[in-house]
Amino acid sequence: WNENASRALIASAKELEGFVPFVGAGLSVDWGFPSWKTFLETSAPDQVVFQNIQECIAAGRFFAATDHLLHALGRTRFNLLVSRTFGNEHLRRPPRMTALSELTRFAIGPVITTNFDPALATAYRDAGRPFILELWAGKPFLGAEALLEHLRFLLKLHGDATDHRNRILTQSEYRRHYEGGTKPLPQLVRRIFTTASILFVGCSINSDEWYLKIVKDLPPGPPHFAIIESPQSAVARKQREDELNLYHITPLWYAPGQHDNVTELLAFLARFAPER
């Protein structure tokens with residue numbers, strides 16, 4: 001681990017309000033759901049679409065990759081596939097403690113996620129700490145009050161698998177719901193990042209993510225962290241570190257392929273959280 005970042009993260013965990021987790025698809029894998037990359041690649045109907053998707057993913061352009069699949073399948077088939085793949089019927093409770101399970105032990109305020117599956121809500125409900133609100137798209141104004149009181153609510157930035165109208169998976173959906181800094185959800189995201197320390201976990205944090213455009217332009221504020229897989233080479237690691245610094249995010253690296261380290265670190269942080 002990055003020693004300085006670890007100390008700062010522990011200090012944040014000791015605070016009564018702690019930090020706000022920002023949860024990506026990596027934490028849903030143990031609960032039966034594929035990563036978005038896997039979903040896109042395995043859903044391609046032919047080799048041409050598959051290659052187009054792979055090229056976009058390699059360039060970090062996930063919106064464009066999704067657009068390729070949407071156009072190839074058609075909107076009705078695409079929506080049905082998303083709902084079936086990421087709906088409740090595919091939820092599989094893991095037989096052991098996972099990173100998501102550890103998170104429920106001490107992160108009891110707001111939680112942000114780009115996932116639209118039910119894994120997070122299920123894990124918190126199973127832990128006896130259900131979210132009092134689940135917000136996305138047209139409902140973020142409700143989160144402002146909950147944020148002030150540090151209430152336990154789930155902000156689903158990309159929407160929910162069951163709600164086709166209020167998702168952000170393609171370029172057109174992004175423009176319709178979130179483009180422009182005056183809309184409610186970007187305003188809420190800006191407020192969260194300027195008032196709380198954020199811990200990214202299970203996230204790829206690629207430059208195509210719309211919320212990073214908001215974070216990049218914010219003035220210095222609370223420290224933000226990311227538990228993230230280290231690149232193989234020192235050069236690539238330094239390049240990735242410089243990229244994350246643009247978004248005011250300090251990485252805590254774990255060894256390539258050692259994803260169980262994420263669970264271990266979250267279990268370690270739980271030891272420093274105050275009683276609640």
# chains A, B, ... in the order shown; residues from 1 in each chain; ligands from 1

$ residues_around --residues "Glu229 in chain A" --least-positions-apart "3" --cutoff "6 Å" --atoms "only C-alpha atoms" --output "JSON, numbers by chain"
{"A": [253, 254, 256]}

$ write_last_selection --atoms "N, CA, C and O atoms" --output "CSV table (one decimal), in the first residue's frame"
chain,number,residue,atom,x,y,z
A,253,TRP,N,-2.6,1.2,-4.1
A,253,TRP,CA,-2.4,0.1,-5.1
A,253,TRP,C,-2.4,-1.2,-4.4
A,253,TRP,O,-2.0,-1.4,-3.3
A,254,TYR,N,-3.0,-2.2,-5.2
A,254,TYR,CA,-2.8,-3.6,-4.8
A,254,TYR,C,-2.2,-4.4,-5.9
A,254,TYR,O,-2.3,-3.9,-7.1
A,256,PRO,N,-1.3,-6.7,-9.0
A,256,PRO,CA,-2.1,-7.1,-10.2
A,256,PRO,C,-2.7,-8.5,-10.0
A,256,PRO,O,-2.0,-9.5,-9.6

$ residues_around --residues "Leu155 in chain A" --least-positions-apart "2" --cutoff "8 Å" --atoms "only C-alpha atoms" --output "list of chain:residue names"
A:Pro110, A:Val111, A:Ile112, A:Thr113, A:Glu134, A:Leu135, A:Trp136, A:Pro140, A:Gly143, A:Phe153, A:Leu157

$ residues_around --residues "Thr122 in chain A" --least-positions-apart "4" --cutoff "12 Å" --atoms "only C-alpha atoms" --output "list in words"
Ser28, Trp31, Gly87, Asn88, Leu91, Arg92, Arg93, Pro94, Leu100, Ser101, Thr104, Asp117, Pro118, Asp126, Ala127, Gly128, Arg129, Pro130, Phe131 and Leu154 of chain A

$ atom_distance --atom1 "CA of Ala123 in chain A" --atom2 "CA of Leu103 in chain A"
9.1 Å

$ atom_distance --atom1 "CA of Pro220 in chain A" --atom2 "CA of Ile198 in chain A"
13.2 Å

$ closest_residue --among "A:Ala226, A:Leu199, A:Ile192, A:Ala99" --to "Val29 in chain A" --atoms "only C-alpha atoms"
A:Ala99

$ residues_around --residues "Leu80 in chain A" --least-positions-apart "2" --cutoff "12 Å" --atoms "only C-alpha atoms" --output "PyMOL selection string"
chain A and resi 43+70+73-78+82-87+161-164

$ write_last_selection --atoms "C-alpha atoms" --output "compact mmCIF listing (two decimals), in the first residue's frame"
# COMPACT_ATOMS: atom_id res chain seq x y z
CA SER A 43 -23.36 -9.75 -25.73
CA LEU A 70 -27.27 -0.87 -28.68
CA LEU A 73 -29.25 -5.30 -30.96
CA GLY A 74 -31.88 -2.59 -31.16
CA ARG A 75 -33.18 -0.72 -28.12
CA THR A 76 -35.88 -3.21 -27.09
CA ARG A 77 -33.57 -6.22 -27.16
CA PHE A 78 -30.77 -4.23 -25.50
CA VAL A 82 -29.66 -5.37 -19.43
CA SER A 83 -32.68 -6.03 -17.21
CA ARG A 84 -32.23 -9.80 -17.35
CA THR A 85 -28.46 -9.73 -16.79
CA PHE A 86 -28.46 -7.25 -13.91
CA GLY A 87 -31.83 -7.98 -12.32
CA ALA A 161 -31.55 -2.10 -14.18
CA THR A 162 -35.33 -2.04 -13.91
CA ASP A 163 -35.69 1.57 -15.11
CA HIS A 164 -35.01 1.94 -18.84

$ residues_around --residues "range 170-173 of chain A" --least-positions-apart "5" --cutoff "12 Å" --atoms "only C-alpha atoms" --output "list in words"
Arg61, Phe62, Phe63, Ala64, Ala65, Thr66, Asp67, His68, Leu69, Leu70, His71, Arg75, Phe78, Asn79, Ala137, His158, Gly159, His164, Arg165, Tyr178, Glu179, Asp208, Glu209 and Trp210 of chain A

$ write_last_selection --atoms "N, CA and C atoms" --output "short mmCIF file (atom, residue, chain, number, x, y, z; two decimals), in the first residue's frame"
data_model
loop_
_atom_site.label_atom_id
_atom_site.label_comp_id
_atom_site.auth_asym_id
_atom_site.auth_seq_id
_atom_site.Cartn_x
_atom_site.Cartn_y
_atom_site.Cartn_z
N ARG A 61 -13.40 4.23 -23.94
CA ARG A 61 -14.61 4.89 -24.43
C ARG A 61 -15.80 3.93 -24.26
N PHE A 62 -16.25 3.79 -23.03
CA PHE A 62 -17.30 2.82 -22.72
C PHE A 62 -18.66 3.25 -23.26
N PHE A 63 -18.93 4.56 -23.29
CA PHE A 63 -20.18 5.03 -23.88
C PHE A 63 -20.27 4.59 -25.34
N ALA A 64 -19.17 4.79 -26.07
CA ALA A 64 -19.15 4.43 -27.49
C ALA A 64 -19.30 2.92 -27.67
N ALA A 65 -18.66 2.15 -26.79
CA ALA A 65 -18.77 0.69 -26.85
C ALA A 65 -20.22 0.26 -26.64
N THR A 66 -20.89 0.90 -25.70
CA THR A 66 -22.29 0.58 -25.44
C THR A 66 -23.17 0.97 -26.63
N ASP A 67 -22.86 2.10 -27.25
CA ASP A 67 -23.62 2.52 -28.42
C ASP A 67 -23.53 1.48 -29.54
N HIS A 68 -22.35 0.87 -29.73
CA HIS A 68 -22.19 -0.17 -30.75
C HIS A 68 -23.14 -1.34 -30.48
N LEU A 69 -23.19 -1.77 -29.21
CA LEU A 69 -24.06 -2.90 -28.87
C LEU A 69 -25.53 -2.53 -29.03
N LEU A 70 -25.89 -1.32 -28.58
CA LEU A 70 -27.27 -0.87 -28.68
C LEU A 70 -27.73 -0.85 -30.15
N HIS A 71 -26.91 -0.31 -31.01
CA HIS A 71 -27.28 -0.22 -32.43
C HIS A 71 -27.36 -1.60 -33.07
N ARG A 75 -32.94 -1.17 -29.50
CA ARG A 75 -33.18 -0.72 -28.12
C ARG A 75 -34.00 -1.70 -27.29
N PHE A 78 -31.83 -4.70 -26.39
CA PHE A 78 -30.77 -4.23 -25.50
C PHE A 78 -31.31 -4.03 -24.09
N ASN A 79 -32.43 -3.31 -23.96
CA ASN A 79 -33.02 -3.06 -22.63
C ASN A 79 -33.39 -4.36 -21.92
N ALA A 137 -31.24 9.53 -11.46
CA ALA A 137 -31.84 10.34 -12.53
C ALA A 137 -32.66 11.50 -11.99
N HIS A 158 -25.74 5.70 -12.56
CA HIS A 158 -26.11 5.19 -13.88
C HIS A 158 -27.52 4.63 -13.91
N GLY A 159 -28.29 4.86 -12.85
CA GLY A 159 -29.67 4.39 -12.83
C GLY A 159 -29.80 2.98 -12.31
N HIS A 164 -35.62 1.66 -17.54
CA HIS A 164 -35.01 1.94 -18.84
C HIS A 164 -34.95 3.43 -19.16
N ARG A 165 -35.86 4.19 -18.60
CA ARG A 165 -35.96 5.60 -18.96
C ARG A 165 -34.91 6.46 -18.27
N TYR A 178 -27.92 14.19 -18.03
CA TYR A 178 -26.86 14.71 -17.17
C TYR A 178 -25.97 15.79 -17.76
N GLU A 179 -26.01 16.01 -19.06
CA GLU A 179 -25.10 17.00 -19.65
C GLU A 179 -25.47 18.39 -19.19
N ASP A 208 -13.59 8.35 -19.51
CA ASP A 208 -14.87 8.50 -20.19
C ASP A 208 -16.01 8.75 -19.22
N GLU A 209 -15.77 8.54 -17.93
CA GLU A 209 -16.84 8.70 -16.94
C GLU A 209 -17.23 10.17 -16.81
N TRP A 210 -18.52 10.45 -16.95
CA TRP A 210 -18.97 11.84 -16.94
C TRP A 210 -18.73 12.53 -15.61
#

$ closest_residue --among "A:Ala107, A:Ile53, A:Leu185, A:Ile228" --to "Phe200 in chain A" --atoms "only C-alpha atoms"
A:Ile228

$ select_by_dssp --residues "range 52-223 of chain A" --states "strand (DSSP E)" --output "list in words"
Val111, Ile112, Thr113, Leu133, Glu134, Leu135, Phe153, Leu154, Leu155, Lys156, Ile198, Leu199, Phe200 and Val201 of chain A

$ write_last_selection --atoms "all heavy atoms" --output "short mmCIF file (atom, residue, chain, number, x, y, z; two decimals), in the first residue's frame"
data_model
loop_
_atom_site.label_atom_id
_atom_site.label_comp_id
_atom_site.auth_asym_id
_atom_site.auth_seq_id
_atom_site.Cartn_x
_atom_site.Cartn_y
_atom_site.Cartn_z
N VAL A 111 -23.81 6.30 0.04
CA VAL A 111 -22.99 5.45 -0.83
C VAL A 111 -23.32 5.83 -2.28
O VAL A 111 -24.49 5.97 -2.63
CB VAL A 111 -23.28 3.95 -0.61
CG1 VAL A 111 -22.45 3.10 -1.58
CG2 VAL A 111 -22.97 3.56 0.83
N ILE A 112 -22.28 6.00 -3.08
CA ILE A 112 -22.45 6.30 -4.50
C ILE A 112 -22.06 5.07 -5.29
O ILE A 112 -21.10 4.37 -4.94
CB ILE A 112 -21.56 7.48 -4.94
CG1 ILE A 112 -21.77 8.69 -4.03
CG2 ILE A 112 -21.82 7.87 -6.38
CD1 ILE A 112 -20.78 9.83 -4.29
N THR A 113 -22.77 4.80 -6.38
CA THR A 113 -22.38 3.68 -7.23
C THR A 113 -22.71 3.95 -8.69
O THR A 113 -23.65 4.69 -8.99
CB THR A 113 -23.07 2.37 -6.78
OG1 THR A 113 -22.56 1.28 -7.54
CG2 THR A 113 -24.57 2.45 -6.97
N LEU A 133 -33.13 5.56 1.31
CA LEU A 133 -33.48 6.07 -0.01
C LEU A 133 -32.58 5.44 -1.06
O LEU A 133 -31.40 5.19 -0.78
CB LEU A 133 -33.30 7.60 -0.08
CG LEU A 133 -34.27 8.52 0.65
CD1 LEU A 133 -33.75 9.95 0.60
CD2 LEU A 133 -35.66 8.45 0.05
N GLU A 134 -33.12 5.21 -2.25
CA GLU A 134 -32.32 4.88 -3.41
C GLU A 134 -32.67 5.90 -4.48
O GLU A 134 -33.84 6.01 -4.87
CB GLU A 134 -32.59 3.46 -3.90
CG GLU A 134 -32.09 2.39 -2.95
CD GLU A 134 -32.23 0.99 -3.53
OE1 GLU A 134 -31.93 0.80 -4.73
OE2 GLU A 134 -32.65 0.09 -2.78
N LEU A 135 -31.67 6.64 -4.94
CA LEU A 135 -31.91 7.77 -5.83
C LEU A 135 -31.19 7.59 -7.15
O LEU A 135 -30.07 7.07 -7.20
CB LEU A 135 -31.43 9.07 -5.18
CG LEU A 135 -31.91 9.36 -3.76
CD1 LEU A 135 -31.24 10.62 -3.24
CD2 LEU A 135 -33.42 9.53 -3.73
N PHE A 153 -28.17 6.73 2.30
CA PHE A 153 -28.90 6.62 1.05
C PHE A 153 -27.95 6.16 -0.06
O PHE A 153 -26.74 6.34 0.02
CB PHE A 153 -29.61 7.93 0.68
CG PHE A 153 -28.70 9.04 0.21
CD1 PHE A 153 -28.44 9.23 -1.14
CD2 PHE A 153 -28.13 9.93 1.13
CE1 PHE A 153 -27.63 10.27 -1.57
CE2 PHE A 153 -27.32 10.97 0.70
CZ PHE A 153 -27.06 11.14 -0.65
N LEU A 154 -28.53 5.55 -1.08
CA LEU A 154 -27.76 5.02 -2.20
C LEU A 154 -28.04 5.87 -3.43
O LEU A 154 -29.18 6.00 -3.87
CB LEU A 154 -28.16 3.57 -2.48
CG LEU A 154 -27.47 2.87 -3.66
CD1 LEU A 154 -25.96 2.80 -3.44
CD2 LEU A 154 -28.04 1.48 -3.87
N LEU A 155 -26.98 6.47 -3.97
CA LEU A 155 -27.08 7.28 -5.17
C LEU A 155 -26.56 6.46 -6.35
O LEU A 155 -25.36 6.19 -6.45
CB LEU A 155 -26.27 8.57 -5.01
CG LEU A 155 -26.19 9.49 -6.22
CD1 LEU A 155 -27.59 9.94 -6.64
CD2 LEU A 155 -25.30 10.69 -5.92
N LYS A 156 -27.46 6.04 -7.23
CA LYS A 156 -27.10 5.20 -8.38
C LYS A 156 -26.92 6.09 -9.61
O LYS A 156 -27.89 6.43 -10.30
CB LYS A 156 -28.17 4.13 -8.60
CG LYS A 156 -28.45 3.28 -7.35
CD LYS A 156 -29.47 2.18 -7.60
CE LYS A 156 -28.82 0.97 -8.20
NZ LYS A 156 -29.68 -0.23 -8.19
N ILE A 198 -14.02 10.83 -0.49
CA ILE A 198 -14.58 9.74 -1.29
C ILE A 198 -13.57 8.60 -1.36
O ILE A 198 -12.38 8.83 -1.54
CB ILE A 198 -14.91 10.22 -2.72
CG1 ILE A 198 -15.80 11.46 -2.70
CG2 ILE A 198 -15.55 9.10 -3.53
CD1 ILE A 198 -17.14 11.27 -2.06
N LEU A 199 -14.06 7.38 -1.22
CA LEU A 199 -13.23 6.19 -1.39
C LEU A 199 -13.76 5.39 -2.58
O LEU A 199 -14.84 4.80 -2.50
CB LEU A 199 -13.23 5.32 -0.14
CG LEU A 199 -12.50 3.98 -0.27
CD1 LEU A 199 -11.01 4.18 -0.53
CD2 LEU A 199 -12.71 3.11 0.98
N PHE A 200 -13.02 5.41 -3.69
CA PHE A 200 -13.39 4.60 -4.85
C PHE A 200 -12.96 3.16 -4.61
O PHE A 200 -11.80 2.90 -4.25
CB PHE A 200 -12.69 5.12 -6.10
CG PHE A 200 -13.19 6.46 -6.59
CD1 PHE A 200 -12.67 7.64 -6.09
CD2 PHE A 200 -14.18 6.53 -7.55
CE1 PHE A 200 -13.12 8.87 -6.55
CE2 PHE A 200 -14.66 7.75 -8.01
CZ PHE A 200 -14.12 8.92 -7.51
N VAL A 201 -13.86 2.23 -4.82
CA VAL A 201 -13.54 0.82 -4.64
C VAL A 201 -14.31 0.00 -5.67
O VAL A 201 -15.50 0.22 -5.90
CB VAL A 201 -13.86 0.36 -3.20
CG1 VAL A 201 -15.29 0.61 -2.83
CG2 VAL A 201 -13.47 -1.10 -2.99
#

$ residues_around --residues "Ile227 in chain A" --least-positions-apart "4" --cutoff "12 Å" --atoms "only C-alpha atoms" --output "PyMOL selection string"
chain A and resi 1-2+5-6+9+21-24+26-27+99+198-205+244+249-255+258-266
